[in-house]
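Contents: one structure, followed by commentary.
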Amino acid sequence: MPQLGFLSRVREACLDLLFPRDCMLTGVPVDNPPWRYLSPAALQSLPRVQAPFCDTCGYPFSGMLAGARRCSHCEELDPAFGRGRTAMLAKGNARSLIIDLKYHKAVWLAEDLARLIATTPGYPEHLRGAVLVPVPLHPRRERWRGYNQSRLVLEKLVRLLPQDNLALADILVRTRDTPTQTRLDRAHRATNIKGAFALRAGAVPDLARRHVVFDDVFTTGATLNACCMVLADAGVTTVDIASLAHG
Ligand SMILES: [Zn+2]
């Protein structure tokens, strides 16, 4: 419904004029469009990732390195994907924003978070031409939360990068509601998550296109890897990953 989309954007623009939004991190009114909830000081405070970084997960290295680059997070991973990018480290203010989006229903943050990805040097090039696949939540968890935060960010990202020929395909499902990963060590995370994902019933991946599986946070890579395995088993030949932040 493009008309509705246009009207809602007009409505939002009017509301912005009447009621300037306050920065989610500093509390000051935000007057640096197109950012909506992040002031310049807030943007400055975020631990954004710069090169050089791990080719597999995007975790930054300190100093310049030559040759193959894989960080300690990825050493034991045996990745089912090629390359990975991330926009921030999941700490400090970046972590607060993700917690707000994920657990405090701050869905209005999704556009600024997508913009952080879109303005990370080299990140749009990593996504260019790809089918973007959000890591799914178990249906029970998504019903409880009301949304999948990774999908929300991707929806905004596709709109922010129209020149990059991106497609969003929510083609994976979580078949097992695994215990929360945060209290498990690396080995247990991999076992915990194995076989927890499947192709959505009736979904037909476009095998000719590169797929990029996206999660809000890369922690050990076990979740993203399990999703990539499903796509590889379905016959997708090129699978990469991307995340908003690296934990
Ligand atoms: Zn890595």
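Just remember, in the structure tokens the first chain shown is A, the second B, etc., residues are 1-based per chain, and ligands are 1-based in the order shown.
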
Subject >> Residue contacts of Leu166 of chain A (12 Å, only C-alpha atoms) excluding same-chain residues fewer than 2 positions away, as a list in words >> reply: Pro124, Glu125, His126, Leu127, Arg128, Gly129, Ala130, Val131, Leu132, Val133, Leu154, Glu155, Lys156, Leu157, Val158, Arg159, Leu160, Leu161, Pro162, Gln163, Asp164, Leu168, Ala169, Arg209, Arg210, His211 and Val212 of chain A

**OP:** May I have the residues within 9 Å of ligand 1, computed using only C-alpha atoms and all ligand atoms, as number ranges by chain?
**Re:** A: 53-60, 69-75, 77, 84, 220-221

Subject >> Atomic separation - atom CA of Asp215 of chain A relative to atom CA of Pro40 of chain A, Å >> reply: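 Calculated distance between atom CA of Pro40 of chain A and atom CA of Asp215 of chain A is 25.8 Å.
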
**OP:** Identify all residues of segment 34-173 of chain A in strand (DSSP E or B) (DSSP on the backbone) and supply them as a PyMOL selection string.
**Re:** chain A and resi 48+53+60+84-89+131-134+167-168+172-173

Original post:
Do you have the atom CA of His104 of chain A-atom CA of Glu142 of chain A distance handy?
Top reply: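 Interatomic distance here is 13.7 Å.
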
**OP:** as an NGL selection string, please: all residues of segment 69-154 of chain A that backbone DSSP puts in alpha helix (DSSP H).
**Re:** :A and (92-103 or 110-118 or 123-127 or 139-145 or 149-154)

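Computed from the coordinates, the atom CA of Asn148 of chain A to atom CA of Ala51 of chain A distance equals 29.3 Å.
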
Subject >> Contacts of Ile117 of chain A at 10 Å (only C-alpha atoms; same-chain gap of 6+ positions) as a list of chain:residue names >> reply: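 These residues fall inside the cut-off: A:Arg48, A:Arg85, A:Thr86, A:Ala87, A:Met88, A:Glu111, A:Tyr123, A:Pro124, A:Val153, A:Leu154, A:Leu157, A:Leu160, A:Ala242, A:Ser243, A:Leu244, A:Ala245.
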
Subject >> Residue nearest Ala198 of chain A among A:Leu38, A:Asn165, A:Ala232, A:Leu89 (counting only C-alpha atoms) >> reply: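 Checking each of A:Leu38, A:Asn165, A:Ala232, A:Leu89 against Ala198 of chain A, counting only C-alpha atoms, the winner is A:Ala232.
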
**OP:** Have a look at A:Arg140, A:Arg176, A:Arg21, A:His246 and name the one nearest to Ala90 of chain A; count only C-alpha atoms.
**Re:** A:His246

Subject >> Given only C-alpha atoms as the counted atoms, nearest of A:Ala201, A:Met24, A:Ala80, A:Val236 to Leu113 of chain A >> reply: A:Met24

**OP:** Pick out the residues sitting within 7 Å of Phe81 of chain A, and hand them over as a list in words; count only C-alpha atoms, and ignore anything fewer than 2 positions along from it in its own chain.
**Re:** Pro79, Arg83, Cys228, Val239, Asp240 and Ile241 of chain A
